[in-house]
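Here is input_12.tsv, consisting of TSV, C-alpha atoms and all ligand atoms:
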```tsv
chain	number	residue	atom	x	y	z
A	1	MET	CA	19.11	13.01	19.95
A	2	SER	CA	16.04	13.68	22.09
A	3	ALA	CA	12.86	11.61	21.75
A	4	GLU	CA	11.14	14.68	20.34
A	5	GLN	CA	13.81	15.18	17.66
A	6	SER	CA	13.59	11.55	16.57
A	7	ARG	CA	9.77	11.77	16.47
A	8	GLU	CA	10.07	14.84	14.27
A	9	ILE	CA	12.34	12.97	11.83
A	10	VAL	CA	9.98	10.00	11.71
A	11	ASN	CA	6.99	12.30	11.08
A	12	LYS	CA	8.88	14.11	8.34
A	13	PHE	CA	9.74	10.83	6.62
A	14	ASN	CA	6.11	9.71	6.77
A	15	GLN	CA	4.72	12.88	5.23
A	16	PRO	CA	3.18	12.27	1.82
A	17	ALA	CA	5.06	14.10	-0.92
A	18	TRP	CA	1.64	15.12	-2.23
A	19	PRO	CA	0.45	17.80	-2.86
A	20	PHE	CA	3.93	19.14	-3.65
A	21	GLN	CA	4.60	16.50	-6.25
A	22	LYS	CA	2.01	14.50	-8.23
A	23	MET	CA	2.78	10.78	-8.48
A	24	VAL	CA	0.82	8.10	-10.31
A	25	ALA	CA	1.14	4.38	-9.58
A	26	MET	CA	-0.45	1.33	-11.18
A	27	VAL	CA	-0.88	-1.91	-9.22
A	28	THR	CA	-1.91	-5.06	-11.08
A	29	GLY	CA	-4.12	-7.43	-9.10
A	30	GLY	CA	-4.76	-4.59	-6.66
A	31	GLY	CA	-8.34	-5.64	-5.95
A	32	ARG	CA	-7.56	-7.81	-2.94
A	33	GLY	CA	-4.82	-9.39	-0.80
A	34	ILE	CA	-1.27	-8.10	-1.07
A	35	GLY	CA	-2.15	-5.85	-4.03
A	36	ARG	CA	-4.87	-4.13	-2.07
A	37	ALA	CA	-2.49	-3.45	0.85
A	38	ILE	CA	0.02	-1.99	-1.63
A	39	VAL	CA	-2.70	0.27	-3.07
A	40	GLU	CA	-3.58	1.54	0.40
A	41	GLU	CA	0.06	2.08	1.43
A	42	LEU	CA	0.92	3.99	-1.76
A	43	PHE	CA	-2.25	6.08	-1.46
A	44	GLN	CA	-1.40	6.97	2.15
A	45	LYS	CA	2.09	7.97	0.98
A	46	GLY	CA	0.52	10.48	-1.45
A	47	TYR	CA	0.25	8.55	-4.73
A	48	SER	CA	-2.74	8.40	-7.03
A	49	VAL	CA	-3.24	4.71	-7.67
A	50	ILE	CA	-4.79	2.81	-10.55
A	51	ILE	CA	-5.88	-0.72	-9.66
A	52	ALA	CA	-5.57	-2.92	-12.75
A	53	ASP	CA	-7.37	-6.16	-12.01
A	54	TYR	CA	-9.51	-8.58	-13.98
A	55	SER	CA	-11.87	-9.08	-11.08
A	56	ILE	CA	-13.15	-6.04	-9.24
A	57	ASP	CA	-15.84	-7.08	-6.78
A	58	ALA	CA	-18.13	-5.04	-4.52
A	59	ALA	CA	-15.60	-5.22	-1.66
A	60	ALA	CA	-12.91	-3.69	-3.89
A	61	GLU	CA	-15.30	-0.95	-5.04
A	62	GLU	CA	-16.12	-0.17	-1.40
A	63	PHE	CA	-12.43	-0.07	-0.45
A	64	VAL	CA	-11.75	2.37	-3.30
A	65	ALA	CA	-14.69	4.60	-2.29
A	66	GLU	CA	-13.42	4.69	1.32
A	67	LEU	CA	-9.92	5.76	0.24
A	68	ASN	CA	-11.28	8.40	-2.12
A	69	LYS	CA	-13.25	9.91	0.77
A	70	GLN	CA	-9.88	10.70	2.39
A	71	SER	CA	-8.73	12.78	-0.56
A	72	ILE	CA	-9.11	16.53	-0.24
A	73	THR	CA	-8.65	17.09	-3.99
A	74	PRO	CA	-9.86	13.90	-5.73
A	75	GLU	CA	-8.80	15.18	-9.13
A	76	HIS	CA	-5.18	15.18	-7.93
A	77	ARG	CA	-5.04	12.24	-5.56
A	78	PHE	CA	-7.36	9.30	-6.11
A	79	VAL	CA	-7.73	5.56	-6.42
A	80	LYS	CA	-9.37	4.17	-9.56
A	81	CYS	CA	-10.26	0.69	-10.77
A	82	GLU	CA	-9.56	-0.39	-14.33
A	83	LYS	CA	-10.34	-3.84	-15.74
A	84	LEU	CA	-7.21	-5.55	-17.00
A	85	ASP	CA	-6.32	-9.14	-17.69
A	86	VAL	CA	-2.51	-9.06	-17.57
A	87	THR	CA	-2.32	-11.94	-20.03
A	88	ASP	CA	-3.67	-9.59	-22.72
A	89	GLY	CA	-0.72	-7.54	-24.02
A	90	ALA	CA	-2.83	-5.26	-26.25
A	91	ALA	CA	-5.12	-4.43	-23.31
A	92	ALA	CA	-2.07	-3.56	-21.18
A	93	VAL	CA	-0.84	-1.13	-23.86
A	94	ALA	CA	-4.32	0.42	-24.16
A	95	LEU	CA	-4.59	0.90	-20.38
A	96	VAL	CA	-1.16	2.54	-20.08
A	97	GLU	CA	-2.07	4.87	-22.98
A	98	LYS	CA	-5.32	5.75	-21.20
A	99	ILE	CA	-3.45	6.51	-17.94
A	100	ILE	CA	-1.01	8.79	-19.78
A	101	ALA	CA	-3.85	10.53	-21.68
A	102	GLU	CA	-5.84	11.11	-18.48
A	103	HIS	CA	-3.12	11.74	-15.92
A	104	GLY	CA	-0.02	12.65	-17.94
A	105	GLN	CA	2.43	10.34	-16.18
A	106	LEU	CA	3.12	6.89	-14.75
A	107	ASP	CA	5.73	6.87	-12.01
A	108	VAL	CA	5.37	3.46	-10.40
A	109	LEU	CA	4.31	0.04	-11.69
A	110	VAL	CA	3.76	-2.82	-9.27
A	111	ASN	CA	3.38	-6.16	-11.06
A	112	ASN	CA	1.48	-7.99	-8.36
A	113	ALA	CA	-1.23	-10.04	-10.16
A	114	GLY	CA	-0.54	-13.72	-9.65
A	115	VAL	CA	-2.20	-17.14	-9.54
A	116	THR	CA	-1.46	-20.68	-8.42
A	117	LYS	CA	-2.55	-24.02	-9.86
A	118	ASP	CA	-0.70	-26.52	-7.72
A	119	GLY	CA	-0.06	-30.19	-8.41
A	120	LEU	CA	2.80	-32.65	-8.64
A	121	LEU	CA	4.48	-32.55	-12.05
A	122	MET	CA	3.37	-36.11	-12.84
A	123	ARG	CA	-0.22	-34.90	-12.71
A	124	MET	CA	0.23	-31.29	-13.87
A	125	SER	CA	-1.66	-30.67	-17.11
A	126	GLU	CA	-0.24	-28.45	-19.82
A	127	ALA	CA	-3.21	-26.12	-19.27
A	128	ASP	CA	-2.27	-25.70	-15.58
A	129	TRP	CA	1.35	-25.03	-16.53
A	130	ASP	CA	0.35	-22.45	-19.16
A	131	PHE	CA	-2.22	-20.73	-16.95
A	132	VAL	CA	0.35	-19.96	-14.25
A	133	ILE	CA	3.19	-19.03	-16.62
A	134	ASP	CA	0.89	-16.84	-18.74
A	135	THR	CA	-0.35	-14.86	-15.76
A	136	ASN	CA	2.69	-14.70	-13.48
A	137	LEU	CA	5.48	-14.37	-16.06
A	138	LYS	CA	4.03	-13.31	-19.40
A	139	GLY	CA	1.72	-10.93	-17.54
A	140	VAL	CA	4.78	-9.19	-16.08
A	141	TYR	CA	6.31	-8.98	-19.57
A	142	ASN	CA	3.07	-7.56	-21.04
A	143	VAL	CA	2.51	-4.83	-18.47
A	144	THR	CA	6.18	-3.88	-18.04
A	145	LYS	CA	6.66	-3.56	-21.79
A	146	ALA	CA	3.64	-1.26	-21.98
A	147	ALA	CA	4.73	0.84	-18.98
A	148	ILE	CA	8.39	1.39	-19.83
A	149	ARG	CA	7.54	3.39	-22.96
A	150	PRO	CA	6.21	6.43	-21.06
A	151	MET	CA	8.70	5.89	-18.22
A	152	MET	CA	11.58	6.05	-20.71
A	153	SER	CA	10.31	9.36	-22.12
A	154	GLN	CA	9.84	10.71	-18.57
A	155	LYS	CA	13.35	9.48	-17.73
A	156	ARG	CA	12.12	8.20	-14.39
A	157	GLY	CA	10.12	5.30	-13.03
A	158	LYS	CA	10.07	2.51	-10.48
A	159	ILE	CA	9.00	-1.01	-11.33
A	160	ILE	CA	8.44	-3.50	-8.54
A	161	ASN	CA	7.68	-7.12	-9.36
A	162	ILE	CA	6.13	-9.42	-6.79
A	163	ALA	CA	7.98	-12.74	-6.99
A	164	SER	CA	7.99	-15.35	-4.19
A	165	VAL	CA	10.46	-16.92	-1.81
A	166	VAL	CA	9.73	-20.29	-3.43
A	167	ALA	CA	11.44	-18.98	-6.58
A	168	LEU	CA	14.65	-19.31	-4.54
A	169	THR	CA	13.90	-22.48	-2.60
A	170	GLY	CA	11.59	-24.51	-4.86
A	171	ASN	CA	8.44	-26.13	-3.50
A	172	PRO	CA	6.99	-29.57	-4.28
A	173	GLY	CA	3.65	-29.26	-6.08
A	174	GLN	CA	4.47	-25.79	-7.39
A	175	ALA	CA	6.80	-26.38	-10.36
A	176	ASN	CA	4.75	-24.03	-12.54
A	177	TYR	CA	4.53	-21.33	-9.86
A	178	CYS	CA	8.21	-21.55	-8.83
A	179	ALA	CA	9.31	-21.47	-12.48
A	180	SER	CA	7.14	-18.41	-13.15
A	181	LYS	CA	8.47	-16.54	-10.11
A	182	ALA	CA	12.11	-17.50	-10.79
A	183	GLY	CA	11.48	-16.16	-14.30
A	184	VAL	CA	10.26	-12.90	-12.79
A	185	ILE	CA	13.52	-12.54	-10.85
A	186	GLY	CA	15.62	-13.11	-14.00
A	187	PHE	CA	13.40	-10.68	-15.90
A	188	THR	CA	13.81	-8.08	-13.14
A	189	LYS	CA	17.62	-8.20	-13.33
A	190	SER	CA	17.71	-8.06	-17.13
A	191	ILE	CA	15.30	-5.14	-17.45
A	192	ALA	CA	17.06	-3.33	-14.58
A	193	LYS	CA	20.26	-3.47	-16.66
A	194	GLU	CA	18.47	-2.47	-19.88
A	195	ILE	CA	16.76	0.65	-18.57
A	196	ALA	CA	18.95	1.91	-15.71
A	197	VAL	CA	20.39	4.49	-18.06
A	198	ARG	CA	16.86	5.99	-18.41
A	199	GLY	CA	16.59	6.59	-14.67
A	200	ILE	CA	14.23	3.65	-14.10
A	201	THR	CA	14.79	1.12	-11.32
A	202	VAL	CA	13.43	-2.42	-11.42
A	203	ASN	CA	13.32	-4.57	-8.31
A	204	ALA	CA	11.53	-7.65	-7.04
A	205	VAL	CA	9.98	-8.44	-3.67
A	206	ALA	CA	9.85	-12.11	-2.70
A	207	PRO	CA	7.17	-12.68	-0.05
A	208	GLY	CA	7.15	-15.75	2.17
A	209	PHE	CA	3.96	-17.08	3.73
A	210	ILE	CA	1.46	-14.21	3.69
A	211	GLU	CA	-2.15	-14.45	4.87
A	212	THR	CA	-4.39	-13.83	1.84
A	213	ASP	CA	-7.06	-15.70	-0.18
A	214	MET	CA	-4.19	-17.44	-1.99
A	215	THR	CA	-2.87	-19.09	1.19
A	216	ARG	CA	-6.27	-19.55	2.85
A	217	LYS	CA	-6.70	-22.49	0.43
A	218	LEU	CA	-4.01	-24.41	2.39
A	219	SER	CA	-4.98	-27.09	4.90
A	220	ASP	CA	-4.20	-26.62	8.63
A	221	THR	CA	-1.40	-29.19	8.32
A	222	GLN	CA	0.19	-27.37	5.36
A	223	ARG	CA	-0.15	-24.09	7.24
A	224	GLU	CA	1.49	-25.45	10.40
A	225	ALA	CA	4.33	-26.95	8.35
A	226	MET	CA	4.93	-23.57	6.70
A	227	LEU	CA	4.85	-21.66	9.99
A	228	ALA	CA	7.33	-24.08	11.55
A	229	LEU	CA	9.87	-22.82	9.00
A	230	VAL	CA	9.43	-19.15	9.95
A	231	PRO	CA	11.93	-17.95	12.60
A	232	LEU	CA	9.72	-14.91	13.38
A	233	LYS	CA	6.95	-17.43	14.23
A	234	ARG	CA	4.06	-15.72	12.51
A	235	ALA	CA	2.53	-15.59	9.07
A	236	GLY	CA	3.21	-12.37	7.19
A	237	GLN	CA	0.43	-9.86	6.62
A	238	PRO	CA	-0.18	-8.09	3.28
A	239	GLU	CA	0.95	-4.85	4.97
A	240	ASP	CA	4.41	-6.38	5.63
A	241	ILE	CA	4.86	-6.59	1.85
A	242	ALA	CA	3.19	-3.26	1.11
A	243	ARG	CA	5.63	-1.32	3.31
A	244	VAL	CA	8.63	-2.81	1.50
A	245	VAL	CA	7.09	-2.07	-1.91
A	246	SER	CA	6.47	1.49	-0.78
A	247	PHE	CA	10.14	1.80	0.24
A	248	LEU	CA	11.29	0.55	-3.18
A	249	ALA	CA	8.92	3.03	-4.87
A	250	SER	CA	10.26	5.93	-2.80
A	251	PRO	CA	13.26	8.18	-3.44
A	252	SER	CA	14.95	6.41	-0.48
A	253	ALA	CA	15.53	3.49	-2.88
A	254	ASP	CA	16.86	5.55	-5.80
A	255	TYR	CA	20.19	3.68	-5.74
A	256	VAL	CA	18.64	0.19	-5.52
A	257	THR	CA	18.03	-1.72	-8.74
A	258	GLY	CA	17.99	-5.31	-9.98
A	259	GLN	CA	17.51	-6.60	-6.42
A	260	THR	CA	15.19	-9.17	-4.91
A	261	LEU	CA	14.14	-8.29	-1.38
A	262	VAL	CA	12.98	-11.36	0.50
A	263	VAL	CA	10.21	-10.57	3.02
A	264	ASP	CA	9.50	-13.88	4.71
A	265	GLY	CA	10.10	-13.62	8.45
A	266	GLY	CA	13.48	-15.30	7.94
A	267	MET	CA	12.09	-18.45	6.27
A	268	ALA	CA	14.84	-18.63	3.61
A	269	MET	CA	18.25	-17.40	4.75
B	301	LIG	P1	-4.75	-13.15	-4.24
B	301	LIG	O1	-5.19	-14.37	-4.96
B	301	LIG	O2	-5.35	-12.81	-2.92
B	301	LIG	O3	-4.89	-11.87	-5.22
B	301	LIG	C1	-4.41	-11.90	-6.51
B	301	LIG	C2	-5.02	-10.74	-7.30
B	301	LIG	O4	-4.55	-10.84	-8.65
B	301	LIG	C3	-6.54	-10.81	-7.35
B	301	LIG	O5	-7.09	-9.52	-7.13
B	301	LIG	C4	-6.84	-11.31	-8.77
B	301	LIG	O6	-8.08	-10.85	-9.29
B	301	LIG	C5	-5.66	-10.71	-9.54
B	301	LIG	N1	-5.38	-11.43	-10.79
B	301	LIG	C6	-5.17	-12.75	-10.98
B	301	LIG	N2	-4.98	-13.02	-12.28
B	301	LIG	C7	-5.07	-11.84	-12.93
B	301	LIG	C8	-4.96	-11.46	-14.30
B	301	LIG	N3	-4.77	-12.36	-15.27
B	301	LIG	N4	-5.07	-10.15	-14.62
B	301	LIG	C9	-5.31	-9.23	-13.66
B	301	LIG	N5	-5.43	-9.53	-12.35
B	301	LIG	C10	-5.32	-10.81	-12.01
B	301	LIG	O7	-3.16	-13.30	-4.12
B	301	LIG	P2	-2.11	-12.63	-3.11
B	301	LIG	O8	-1.77	-13.60	-2.08
B	301	LIG	O9	-2.54	-11.28	-2.74
B	301	LIG	O10	-0.84	-12.55	-4.09
B	301	LIG	C11	-0.39	-11.36	-4.71
B	301	LIG	C12	0.97	-11.64	-5.33
B	301	LIG	O11	1.89	-12.06	-4.32
B	301	LIG	C13	0.93	-12.77	-6.37
B	301	LIG	O12	1.81	-12.45	-7.43
B	301	LIG	C14	1.45	-13.95	-5.59
B	301	LIG	O13	2.03	-14.91	-6.42
B	301	LIG	C15	2.47	-13.29	-4.69
B	301	LIG	N6	2.81	-14.05	-3.49
B	301	LIG	C16	1.87	-14.34	-2.54
B	301	LIG	C17	2.23	-15.06	-1.42
B	301	LIG	C18	1.27	-15.39	-0.33
B	301	LIG	O14	1.67	-16.07	0.61
B	301	LIG	N7	0.05	-14.94	-0.37
B	301	LIG	C19	3.61	-15.53	-1.23
B	301	LIG	C20	4.51	-15.16	-2.28
B	301	LIG	C21	4.11	-14.44	-3.37
```
Representation of the structure as structure tokens:
Amino acid sequence: MSAEQSREIVNKFNQPAWPFQKMVAMVTGGGRGIGRAIVEELFQKGYSVIIADYSIDAAAEEFVAELNKQSITPEHRFVKCEKLDVTDGAAAVALVEKIIAEHGQLDVLVNNAGVTKDGLLMRMSEADWDFVIDTNLKGVYNVTKAAIRPMMSQKRGKIINIASVVALTGNPGQANYCASKAGVIGFTKSIAKEIAVRGITVNAVAPGFIETDMTRKLSDTQREAMLALVPLKRAGQPEDIARVVSFLASPSADYVTGQTLVVDGGMAM
């Protein structure tokens, strides 16, 4: 195959399906970090994207305005912010109903919102345990339960849950976080089995050490210790995760369900 032929194939693959096919995605915690990169990647692939986040600051508003400037027909392809606390199940139902009323469909859900509250178990308060489990695990239950209703009637949908590599390896000081993310992986497999028959796939992505506000809290020593474990010898960027999420959301992944894709530069093999 000539270089030109292979370039043509690559270009064809990268073409947004829009405007030939309308697609609507919802990304929880899409206001910053990994979620924001996922929003941008999906938008560039032709999706309309709803950011569902409990904190939408000026920077997020500006990011959304910049993306919307790139849309030729904003009524068909857009990015929108909606306030949502994923720990509130009724609010999740109301938001999904609003999306269906306004846009008629929900094709992709990315459960990305997540928090940490680290500490050794001996010193971990019940409040810190509950805070992390409520957001990272119950939040995924709340939003998925709300989203599968319309997806089941549509007989199509892609759900992608952001877990973590530490769900597989464990990490001292993160019992609450690791338990929540391991729960997300179990949840992913169970729901994948429950709703496969409706044409919906459910997968998880398990990021390693990714540079965002969440990991900027780490000390230089903790950071160096983490990086020493990464064979690819660099921290991951939010875009490294976004591209994999976009693959799982695409028709190229139609025959992939119940899987956890580890994206960690080889940290856990
Ligand atoms: P981040 O802290 O930069 O962003 C998290 C986003 O979630 C924020 O926009 C925040 O407002 C939102 N959020 C938090 N609680 C919420 C709630 N109750 N309702 C709605 N939105 C809420 O975090 P980052 O690094 O972008 O993480 C994104 C996901 O990736 C999380 O699930 C995290 O656990 C996971 N992850 C991150 C890794 C990393 O190295 N940064 C590694 C492995 C997993």
Nearest residue to Ala268 in chain A from the set A:Ser164, A:Thr169, A:Ser48, A:Asn142 (distances using only C-alpha atoms):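 Closest candidate: A:Thr169.
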Nearest to Gly258 in chain A, chosen from A:Ile38, A:Ile195, A:Ala204, A:Ile56, with all atoms listed in the file counted in the distances: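 Checking each candidate against Gly258 in chain A, we get A:Ala204 as the closest.
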All residues having an atom within 6 Å of ligand LIG 301 (chain B) (all atoms listed in the file) as a count of residues only: 32
Non-local contacts of Asp134 in chain A (12 Å; all atoms listed in the file; under 2 positions in same chain excluded) as a ChimeraX atom specification: /A:85-89,113-117,126-132,136-142,176-177,179-181,183-184
Distance of CA of Met26 in chain A from CA of Asp107 in chain A, expressed in Å to one decimal place: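 Distance between the two atoms: 8.3 Å.
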Å distance separating CA of Arg123 in chain A from CA of Ala175 in chain A, one decimal place: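 Pair CA of Arg123 in chain A / CA of Ala175 in chain A returns 11.3 Å.
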Atom-to-atom span, CA of Tyr255 in chain A and CA of Arg156 in chain A, Å: 12.7 Å
So which residues touch Arg234 in chain A within 10 Å, counting only C-alpha atoms, skipping near sequence neighbours fewer than 3 positions away, as a compact mmCIF listing (two decimals) with C-alpha atoms, in the coordinates of the input?
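Written file, out.txt:
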```
# COMPACT_ATOMS: atom_id res chain seq x y z
CA PHE A 209 3.96 -17.08 3.73
CA ILE A 210 1.46 -14.21 3.69
CA GLU A 211 -2.15 -14.45 4.87
CA MET A 226 4.93 -23.57 6.70
CA LEU A 227 4.85 -21.66 9.99
CA ALA A 228 7.33 -24.08 11.55
CA LEU A 229 9.87 -22.82 9.00
CA VAL A 230 9.43 -19.15 9.95
CA PRO A 231 11.93 -17.95 12.60
CA GLN A 237 0.43 -9.86 6.62
CA ASP A 264 9.50 -13.88 4.71
CA GLY A 265 10.10 -13.62 8.45
```
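For the residues A:Lys193, A:Asp118, A:Ser125, A:Ile100, ranking by smallest atom-to-atom distance to Ser153 in chain A using only C-alpha atoms places A:Ile100 first.
In this comparison, which uses only C-alpha atoms, the residue of A:Ala59, A:Leu109, A:Leu42, A:Ile185 approaching Phe78 in chain A most closely is A:Leu42.
Of the residues listed (A:Met152, A:Ala192, A:Ala52, A:Ala206), A:Ala52 shows the shortest atom-to-atom separation from Ile99 in chain A; distances use all atoms listed in the file.
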Nearest to Gln105 in chain A, chosen from A:Ser250, A:Gln154, A:Ser71, A:Gln259, with all atoms listed in the file counted in the distances: A:Gln154
Mind working out the centre and edge lengths of an axis-aligned box for range 102-117 of chain A, all listed atoms inside, 4 Å added to each side, rounded to one decimal in Å and written as JSON?
```
{"center_x": -0.1, "center_y": -5.7, "center_z": -13.4, "size_x": 19.6, "size_y": 44.7, "size_z": 18.1}
```
